[in-house]
Structure formats: structure tokens, C-alpha cells
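Okay, start_0.tsv is below, TSV, C-alpha atoms:
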```tsv
chain	number	residue	atom	x	y	z
H	1320	MET	CA	11.76	-15.49	-26.05
H	1321	ALA	CA	10.27	-16.17	-22.64
H	1322	LEU	CA	12.23	-13.50	-20.76
H	1323	ALA	CA	11.47	-10.71	-23.24
H	1324	PRO	CA	7.64	-10.78	-22.91
H	1325	PHE	CA	7.98	-11.01	-19.12
H	1326	LEU	CA	10.17	-7.90	-18.84
H	1327	ILE	CA	8.20	-5.96	-21.45
H	1328	MET	CA	4.89	-6.61	-19.71
H	1329	LEU	CA	6.49	-5.98	-16.31
H	1330	ARG	CA	7.71	-2.60	-17.51
H	1331	GLU	CA	4.59	-1.64	-19.44
H	1332	GLY	CA	2.30	-2.88	-16.68
H	1333	LEU	CA	4.28	-1.07	-14.01
H	1334	GLU	CA	4.11	2.18	-15.98
H	1335	ALA	CA	0.34	1.89	-16.26
H	1336	ALA	CA	-0.01	0.84	-12.60
H	1337	LEU	CA	2.11	3.78	-11.46
H	1338	ILE	CA	0.08	6.26	-13.49
H	1339	VAL	CA	-3.26	4.94	-12.23
H	1340	GLY	CA	-1.89	4.63	-8.69
H	1341	VAL	CA	-0.60	8.20	-8.61
H	1342	ILE	CA	-3.93	9.53	-9.90
H	1343	ALA	CA	-5.94	7.48	-7.38
H	1344	SER	CA	-3.65	8.36	-4.49
H	1345	TYR	CA	-3.74	12.07	-5.34
H	1346	LEU	CA	-7.54	12.07	-5.47
H	1347	GLN	CA	-7.76	10.17	-2.19
H	1348	ARG	CA	-5.39	12.54	-0.37
H	1349	ALA	CA	-7.31	15.51	-1.74
H	1350	GLY	CA	-10.56	14.15	-0.30
H	1351	LEU	CA	-11.99	13.48	-3.77
H	1352	ARG	CA	-12.64	9.74	-3.49
H	1353	ALA	CA	-15.99	10.26	-5.24
H	1354	TRP	CA	-14.07	10.70	-8.51
H	1355	LEU	CA	-12.17	7.37	-8.22
H	1356	PRO	CA	-14.77	5.40	-10.26
H	1357	ALA	CA	-13.96	7.65	-13.24
H	1358	ILE	CA	-10.35	6.40	-13.09
H	1359	TRP	CA	-11.44	2.75	-13.06
H	1360	VAL	CA	-13.86	3.33	-15.96
H	1361	GLY	CA	-11.06	4.86	-18.06
H	1362	THR	CA	-8.70	2.03	-17.12
H	1363	PHE	CA	-11.10	-0.78	-18.02
H	1364	LEU	CA	-12.07	0.90	-21.30
H	1365	ALA	CA	-8.38	1.11	-22.22
H	1366	ILE	CA	-7.84	-2.57	-21.39
H	1367	ALA	CA	-10.88	-3.54	-23.48
H	1368	LEU	CA	-9.61	-1.49	-26.44
H	1369	SER	CA	-6.16	-3.10	-26.23
H	1370	LEU	CA	-7.61	-6.62	-26.17
H	1371	LEU	CA	-9.90	-5.81	-29.10
H	1372	VAL	CA	-7.09	-4.36	-31.20
H	1373	GLY	CA	-4.87	-7.36	-30.43
H	1374	ALA	CA	-7.60	-9.82	-31.40
H	1375	LEU	CA	-8.37	-7.94	-34.63
H	1376	LEU	CA	-4.71	-7.76	-35.66
H	1377	GLN	CA	-4.19	-11.45	-34.93
H	1378	PHE	CA	-7.33	-12.40	-36.86
H	1379	ALA	CA	-6.42	-10.16	-39.81
H	1380	SER	CA	-2.89	-11.53	-40.08
H	1381	ALA	CA	-4.19	-15.12	-40.15
H	1382	GLU	CA	-6.33	-14.31	-43.19
H	1383	PHE	CA	-3.46	-12.90	-45.28
H	1384	PRO	CA	-1.74	-14.94	-48.01
H	1385	GLN	CA	1.80	-16.00	-47.15
H	1386	LYS	CA	3.73	-13.07	-48.66
H	1387	ALA	CA	1.25	-10.51	-47.37
H	1388	GLN	CA	1.50	-12.08	-43.92
H	1389	GLU	CA	5.30	-11.82	-44.02
H	1390	LEU	CA	4.99	-8.13	-44.96
H	1391	PHE	CA	2.49	-7.58	-42.16
H	1392	GLU	CA	4.83	-9.24	-39.66
H	1393	ALA	CA	7.72	-7.09	-40.90
H	1394	MET	CA	5.63	-3.95	-40.38
H	1395	ILE	CA	4.56	-5.07	-36.89
H	1396	GLY	CA	8.16	-5.87	-35.97
H	1397	ALA	CA	9.48	-2.53	-37.22
H	1398	ALA	CA	6.67	-0.61	-35.49
H	1399	ALA	CA	7.28	-2.49	-32.23
H	1400	ALA	CA	11.03	-1.80	-32.41
H	1401	ALA	CA	10.38	1.91	-32.97
H	1402	MET	CA	7.90	2.13	-30.09
H	1403	LEU	CA	10.15	0.14	-27.75
H	1404	THR	CA	13.02	2.49	-28.51
H	1405	ALA	CA	10.93	5.64	-28.05
H	1406	MET	CA	9.46	4.29	-24.82
H	1407	ALA	CA	12.88	3.37	-23.39
H	1408	PHE	CA	14.31	6.84	-24.08
H	1409	TRP	CA	11.22	8.67	-22.82
H	1410	MET	CA	11.01	6.71	-19.57
H	1411	ARG	CA	14.71	7.22	-18.91
H	1412	ARG	CA	14.20	10.99	-19.07
H	1413	ALA	CA	10.72	11.22	-17.55
H	1414	GLY	CA	10.70	8.51	-14.86
H	1415	HIS	CA	11.86	10.80	-12.07
H	1416	ALA	CA	9.32	13.51	-12.96
H	1417	MET	CA	6.37	11.19	-13.65
H	1418	SER	CA	4.57	11.78	-10.35
H	1419	SER	CA	4.60	15.58	-10.58
H	1420	GLU	CA	3.53	15.51	-14.23
H	1421	ILE	CA	0.58	13.23	-13.42
H	1422	ARG	CA	-0.52	15.40	-10.50
H	1423	ARG	CA	-0.42	18.44	-12.76
H	1424	GLY	CA	-2.64	16.58	-15.24
H	1425	VAL	CA	-5.11	15.69	-12.48
H	1426	ASP	CA	-5.30	19.33	-11.41
H	1427	GLU	CA	-6.08	20.32	-14.99
H	1428	ALA	CA	-8.74	17.60	-15.21
H	1429	LEU	CA	-10.38	18.79	-11.97
H	1430	ALA	CA	-10.46	22.33	-13.33
H	1431	SER	CA	-11.85	21.22	-16.70
H	1432	SER	CA	-14.88	23.08	-17.99
H	1433	HIS	CA	-15.94	20.00	-20.00
H	1434	GLY	CA	-16.80	17.90	-16.92
H	1435	VAL	CA	-14.49	16.46	-14.29
H	1436	ALA	CA	-15.61	12.86	-14.77
H	1437	ARG	CA	-15.05	12.95	-18.53
H	1438	ALA	CA	-11.65	14.59	-18.09
H	1439	LEU	CA	-10.50	12.00	-15.52
H	1440	ILE	CA	-11.84	9.11	-17.62
H	1441	SER	CA	-9.97	10.47	-20.63
H	1442	MET	CA	-6.76	10.90	-18.65
H	1443	ALA	CA	-6.78	7.34	-17.30
H	1444	PHE	CA	-7.94	5.93	-20.64
H	1445	LEU	CA	-5.20	7.62	-22.67
H	1446	ALA	CA	-2.46	6.69	-20.21
H	1447	VAL	CA	-3.41	3.02	-19.95
H	1448	ALA	CA	-4.39	2.68	-23.63
H	1449	ARG	CA	-0.94	3.89	-24.68
H	1450	GLU	CA	0.73	1.21	-22.60
H	1451	GLY	CA	-1.82	-1.42	-23.66
H	1452	LEU	CA	-1.56	-0.74	-27.39
H	1453	GLU	CA	2.24	-0.65	-27.21
H	1454	SER	CA	2.13	-4.02	-25.46
H	1455	VAL	CA	-0.11	-5.42	-28.21
H	1456	PHE	CA	2.44	-4.51	-30.89
H	1457	PHE	CA	5.38	-5.78	-28.83
H	1458	LEU	CA	3.78	-9.13	-28.04
H	1459	LEU	CA	2.51	-9.67	-31.58
H	1460	ALA	CA	6.01	-9.02	-32.91
H	1461	ILE	CA	7.58	-11.41	-30.39
H	1462	PHE	CA	4.99	-14.14	-30.96
H	1463	GLN	CA	5.58	-13.86	-34.71
H	1464	GLN	CA	9.24	-14.68	-34.12
H	1465	GLY	CA	8.10	-18.22	-33.36
H	1466	ALA	CA	7.60	-18.01	-29.59
H	1467	GLY	CA	5.59	-20.83	-28.06
H	1468	PRO	CA	2.94	-20.88	-25.34
H	1469	THR	CA	5.58	-20.13	-22.69
H	1470	ALA	CA	5.84	-16.60	-24.11
H	1471	ALA	CA	2.16	-15.94	-23.39
H	1472	LEU	CA	2.51	-17.32	-19.87
H	1473	SER	CA	5.63	-15.21	-19.38
H	1474	ALA	CA	3.78	-12.08	-20.49
H	1475	LEU	CA	0.92	-12.81	-18.08
H	1476	ALA	CA	3.43	-13.38	-15.28
H	1477	GLY	CA	5.11	-10.04	-16.02
H	1478	LEU	CA	1.74	-8.28	-15.95
H	1479	ALA	CA	0.81	-9.96	-12.66
H	1480	VAL	CA	4.09	-8.93	-11.04
H	1481	ALA	CA	3.61	-5.37	-12.32
H	1482	MET	CA	0.14	-5.21	-10.77
H	1483	LEU	CA	1.46	-6.49	-7.43
H	1484	LEU	CA	4.31	-3.96	-7.46
H	1485	GLY	CA	1.86	-1.20	-8.36
H	1486	LEU	CA	-0.38	-2.13	-5.42
H	1487	ALA	CA	2.60	-2.37	-3.07
H	1488	ILE	CA	3.90	1.04	-4.13
H	1489	TYR	CA	0.40	2.55	-3.88
H	1490	HIS	CA	-0.04	1.29	-0.33
H	1491	GLY	CA	3.47	2.36	0.67
H	1492	GLY	CA	4.76	-1.14	1.25
H	1493	ALA	CA	7.50	-1.00	-1.38
H	1494	ARG	CA	9.99	1.51	-2.63
H	1495	ILE	CA	12.00	1.03	-5.81
H	1496	ASP	CA	14.45	3.27	-7.58
H	1497	LEU	CA	12.39	4.01	-10.69
H	1498	ARG	CA	15.22	5.78	-12.48
H	1499	ARG	CA	17.52	2.77	-12.09
H	1500	PHE	CA	14.70	0.34	-12.92
H	1501	PHE	CA	13.77	2.15	-16.14
H	1502	ARG	CA	17.44	2.63	-17.09
H	1503	TRP	CA	18.48	-1.02	-16.91
H	1504	THR	CA	15.25	-2.54	-18.19
H	1505	GLY	CA	15.61	0.03	-20.98
H	1506	VAL	CA	18.97	-1.51	-21.95
H	1507	PHE	CA	17.38	-4.95	-22.20
H	1508	ILE	CA	14.42	-3.59	-24.14
H	1509	LEU	CA	16.76	-1.96	-26.66
H	1510	VAL	CA	18.38	-5.38	-27.19
H	1511	VAL	CA	14.90	-6.80	-27.83
H	1512	ALA	CA	14.18	-3.93	-30.24
H	1513	ALA	CA	17.35	-4.71	-32.19
H	1514	GLY	CA	16.25	-8.33	-32.54
H	1515	LEU	CA	12.78	-7.30	-33.70
H	1516	LEU	CA	14.28	-4.97	-36.31
H	1517	ALA	CA	16.56	-7.73	-37.62
H	1518	GLY	CA	13.54	-10.04	-37.67
H	1519	ALA	CA	11.58	-7.45	-39.67
H	1520	LEU	CA	14.33	-7.53	-42.32
H	1521	ARG	CA	14.04	-11.33	-42.41
H	1522	HIS	CA	10.28	-11.08	-42.96
H	1523	LEU	CA	10.85	-8.58	-45.78
H	1524	HIS	CA	13.09	-11.15	-47.46
H	1525	GLU	CA	10.41	-13.83	-47.03
H	1526	ALA	CA	7.92	-11.42	-48.60
H	1527	GLY	CA	10.21	-11.02	-51.63
H	1528	LEU	CA	10.93	-7.33	-50.95
H	1529	TRP	CA	14.53	-7.58	-49.72
H	1530	ASN	CA	17.12	-9.82	-51.34
H	1531	LEU	CA	20.39	-8.05	-50.55
H	1532	LEU	CA	23.07	-9.17	-48.07
H	1533	GLN	CA	21.64	-12.67	-47.73
H	1534	SER	CA	24.95	-14.52	-47.22
H	1535	ARG	CA	25.20	-16.30	-43.87
H	1536	ILE	CA	27.90	-14.88	-41.61
H	1537	TYR	CA	27.98	-18.13	-39.61
H	1538	ASP	CA	25.92	-21.30	-39.24
H	1539	LEU	CA	25.63	-22.86	-35.79
H	1540	THR	CA	22.48	-24.87	-36.46
H	1541	THR	CA	24.35	-28.12	-35.79
H	1542	VAL	CA	26.30	-26.74	-32.81
H	1543	LEU	CA	23.95	-24.40	-30.96
H	1544	PRO	CA	20.50	-24.32	-32.62
H	1545	THR	CA	17.84	-22.00	-31.26
H	1546	SER	CA	15.70	-25.09	-30.66
H	1547	SER	CA	18.16	-26.35	-28.01
H	1548	PRO	CA	17.72	-25.34	-24.34
H	1549	LEU	CA	20.82	-23.11	-24.32
H	1550	GLY	CA	20.02	-21.68	-27.75
H	1551	ALA	CA	16.46	-20.91	-26.68
H	1552	LEU	CA	17.79	-19.17	-23.55
H	1553	LEU	CA	20.28	-17.08	-25.56
H	1554	SER	CA	17.56	-16.29	-28.09
H	1555	GLY	CA	15.23	-15.16	-25.33
H	1556	VAL	CA	17.78	-12.99	-23.54
H	1557	PHE	CA	20.01	-11.70	-26.36
H	1558	ASN	CA	17.98	-12.45	-29.52
H	1559	TYR	CA	20.59	-14.99	-30.59
H	1560	GLN	CA	20.16	-16.45	-34.09
H	1561	ASP	CA	21.92	-19.67	-35.11
H	1562	SER	CA	22.37	-18.66	-38.78
H	1563	PRO	CA	21.86	-14.91	-39.30
H	1564	THR	CA	22.36	-13.22	-42.65
H	1565	LEU	CA	24.81	-10.38	-43.22
H	1566	GLY	CA	21.94	-7.89	-43.55
H	1567	GLU	CA	20.36	-8.99	-40.27
H	1568	ALA	CA	23.71	-8.76	-38.47
H	1569	ILE	CA	24.37	-5.26	-39.84
H	1570	VAL	CA	20.91	-4.01	-38.85
H	1571	TYR	CA	21.20	-5.59	-35.40
H	1572	GLY	CA	24.73	-4.36	-34.70
H	1573	VAL	CA	24.45	-0.83	-36.07
H	1574	PHE	CA	21.08	-0.20	-34.46
H	1575	LEU	CA	22.09	-1.60	-31.06
H	1576	ALA	CA	25.46	0.20	-30.96
H	1577	THR	CA	23.81	3.52	-31.87
H	1578	VAL	CA	20.89	3.38	-29.45
H	1579	LEU	CA	22.97	2.08	-26.53
H	1580	PHE	CA	25.48	4.89	-27.01
H	1581	LEU	CA	22.70	7.48	-26.99
H	1582	PHE	CA	20.81	5.79	-24.17
H	1583	LEU	CA	23.73	5.33	-21.76
H	1584	ARG	CA	25.44	8.67	-22.23
H	1585	PRO	CA	24.71	11.29	-19.54
H	1586	HIS	CA	21.80	13.64	-20.25
H	1587	PRO	CA	21.18	17.01	-18.63
H	1588	ALA	CA	18.28	17.02	-16.19
H	1589	ARG	CA	15.06	18.62	-17.36
H	1590	SER	CA	12.36	20.11	-15.22
H	1591	SER	CA	9.47	18.95	-17.35
H	1592	ILE	CA	9.25	16.12	-19.84
H	1593	ALA	CA	6.38	15.65	-22.24
H	1594	ALA	CA	5.30	12.19	-23.33
H	1595	PRO	CA	6.01	11.29	-26.94
H	1596	ALA	CA	3.13	11.67	-29.35
```
As C-alpha cells:
Amino acid sequence: MALAPFLIMLREGLEAALIVGVIASYLQRAGLRAWLPAIWVGTFLAIALSLLVGALLQFASAEFPQKAQELFEAMIGAAAAAMLTAMAFWMRRAGHAMSSEIRRGVDEALASSHGVARALISMAFLAVAREGLESVFFLLAIFQQGAGPTAALSALAGLAVAMLLGLAIYHGGARIDLRRFFRWTGVFILVVAAGLLAGALRHLHEAGLWNLLQSRIYDLTTVLPTSSPLGALLSGVFNYQDSPTLGEAIVYGVFLATVLFLFLRPHPARSSIAAPA
């Protein structure tokens, strides 16, 4: 699944870069450059927390017995699918209003009676930590689907591109249609979420907790296995499985049809969108 980690980290990294960039740019234009270090402190603390949580989860899962590990992977996959879905819907609604919402938050931080530095650190920390912790769950779930080292390299490449885009946007050298970007990457991310949810059901079966609907709806392991170059490509882009069970196909199809219908239908514009809890 080399394309999935690239796009997920590109999207998550760009969200974080945009938030930090808008805060820094707003402070600079307001003549408050002295407060910029607070933003970097909050950002680096959030990155450190995300790396620590990822390392702890990876270490903990390696110590579990086989069935407990399968249950853990099912929980990670389901949680990642839920967060991916929530993030896709929120960014579709809030992308166009992100800048004004962030500036309003900065104004509140500057007026805070609890200390401007602490308020700005908290704002940057919470914004970046949300993206970082979401990324940890997404990448763990994808790596547990059997992705190789190319997935890690793909994720790093997506993060690097996101940082470059964030810098280019901050310095005014690039303009992208954020609403269109978040809309169409959201479609792809919902496809990834459907695959993670189907994979979670597979892990539940391996853990001995789900034994219904286990008949194979087709078997293409000798025709188009996921280990082949084309199968790996289809698996990475569309979460293709060479021998899915009936239960996995139902979960994948029903979930994807429902969320794509809700995601692509027109929504009335809103003046203010709050981030999901």
C-alpha cells in the first residue's frame, strides 16, 4: 500500500503545515514575531509525543500473544478507519474556513489571561498533535496489513512534500485550491478507510471473535495475487484483495457506498465549522 501512506501523510502533513503557517504568518504580519518561538515549541512537543506514542504502540503490539495481537490490530484498524472518515468529512466542510478559524484562535490566545506563550504553545501543540496522533494510527493500521519498507519510505515522502508545500504556501510561492484538494484526496482516503475496516474484520476472525460470512466470494490468488506487481498496485490504490470473504466484501461495499454518497452530495455552506472532538 505504497500510495496510501504517501497520500495520508501528504494530507495530514499539509493540514499541520497550513495551521502552523497561518499562525506564524498572522503573528508576523501583526508585528508579534517575538511570540514565534512559542509556536515552534508547541510543534516540536507535538511531534515528540506522536513519535513516542507510535513507538509505544508498536512495542506493545509486538509483546502480545498471537490472538491478542490480532485483536489489537483489529482495534487499530477500526479506530484508523473511523478517524480517517471523520477527518475527511471535517476537512471537506472546514477547509475553506480554516484560515479565519485559526486567526480567531490566535486572537483568543493573545488575549488569554493565562499567559500568551502558554496559550500559543497549547494551540500549536493541540493542532499538530491531532494530526500526528491520527497519522500514527493510520500508519500502524496500514503497516499491519503487511506493507513492506516501501510504505515507510512512501509516508516519509508524503510528509516531505507536505512540508515543502506548506513552506511554498507560507512564502506565497504556491496557490492550491484547498477545497478541491481536500475533496478528492478525501475520496481516496475513504477508499483506504473501507479497506482498513474490512481488514479489521479479518483480524477479528484471526483472533477467533468473528466466524460468520467466511465463504470466499472469489479466489484470484493464481490469476492476480496481491504479491504480483499489478496486484500490489491495485492493493495500494483500491485495497484490492485476491480472495476476500463475504463478510469483508459486505463491510467494504456497504461502508464505501454509504460514505461516498454522504461525502459527495452537496452540503450547504456554513459560516463557522468546529473541529471534531
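The residue that comes closest to H:Gly1572, out of H:Arg1584, H:Leu1509, H:Gly1340, H:Leu1523 and on the basis of only C-alpha atoms, is H:Leu1509.
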Query raised in the report: Hey, what's within 9 Å of H:Leu1532 if we count all atoms listed in the file and toss same-chain stuff fewer than 5 positions away? As a ChimeraX atom specification, please?
Result: /H:1564-1567
Contact residues around stretch 1355-1367 of chain H with only C-alpha atoms at 7 Å, ignoring same-chain residues under 5 positions, as a compact mmCIF listing (two decimals) with C-alpha atoms, in the coordinates of the input:
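selection-v2.txt, written as the output of this step:
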```txt
# COMPACT_ATOMS: atom_id res chain seq x y z
CA ALA H 1343 -5.94 7.48 -7.38
CA ALA H 1436 -15.61 12.86 -14.77
CA LEU H 1439 -10.50 12.00 -15.52
CA ILE H 1440 -11.84 9.11 -17.62
CA SER H 1441 -9.97 10.47 -20.63
CA ALA H 1443 -6.78 7.34 -17.30
CA PHE H 1444 -7.94 5.93 -20.64
CA VAL H 1447 -3.41 3.02 -19.95
CA ALA H 1448 -4.39 2.68 -23.63
CA GLY H 1451 -1.82 -1.42 -23.66
```
Query raised in the report: Near H:Thr1504, counting only C-alpha atoms, which residues have an atom at most 9 Å away, once you skip same-chain residues fewer than 2 positions from it, shown as a PyMOL selection string?
Result: chain H and resi 1326-1327+1330+1407+1499-1502+1506-1509
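Closest approach to H:Val1573 among H:Ala1398, H:Leu1368, H:Leu1516, H:Gly1477 is made by H:Leu1516 (distances from all atoms listed in the file).
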Contacts of stretch 1458-1460 of chain H at 9 Å or less, counting only C-alpha atoms, minus same-chain residues fewer than 6 places along, as a tab-separated table (two decimals) with C-alpha atoms, in the coordinates of the input?
```tsv
chain	number	residue	atom	x	y	z
H	1324	PRO	CA	7.64	-10.78	-22.91
H	1327	ILE	CA	8.20	-5.96	-21.45
H	1328	MET	CA	4.89	-6.61	-19.71
H	1373	GLY	CA	-4.87	-7.36	-30.43
H	1376	LEU	CA	-4.71	-7.76	-35.66
H	1377	GLN	CA	-4.19	-11.45	-34.93
H	1392	GLU	CA	4.83	-9.24	-39.66
H	1393	ALA	CA	7.72	-7.09	-40.90
H	1395	ILE	CA	4.56	-5.07	-36.89
H	1396	GLY	CA	8.16	-5.87	-35.97
H	1397	ALA	CA	9.48	-2.53	-37.22
H	1398	ALA	CA	6.67	-0.61	-35.49
H	1399	ALA	CA	7.28	-2.49	-32.23
H	1400	ALA	CA	11.03	-1.80	-32.41
H	1470	ALA	CA	5.84	-16.60	-24.11
H	1471	ALA	CA	2.16	-15.94	-23.39
H	1474	ALA	CA	3.78	-12.08	-20.49
H	1515	LEU	CA	12.78	-7.30	-33.70
H	1518	GLY	CA	13.54	-10.04	-37.67
H	1519	ALA	CA	11.58	-7.45	-39.67
```
Query raised in the report: Quick one, how far is atom CA of H:Ser1369 from atom CA of H:Glu1334?
Result: 15.4 Å
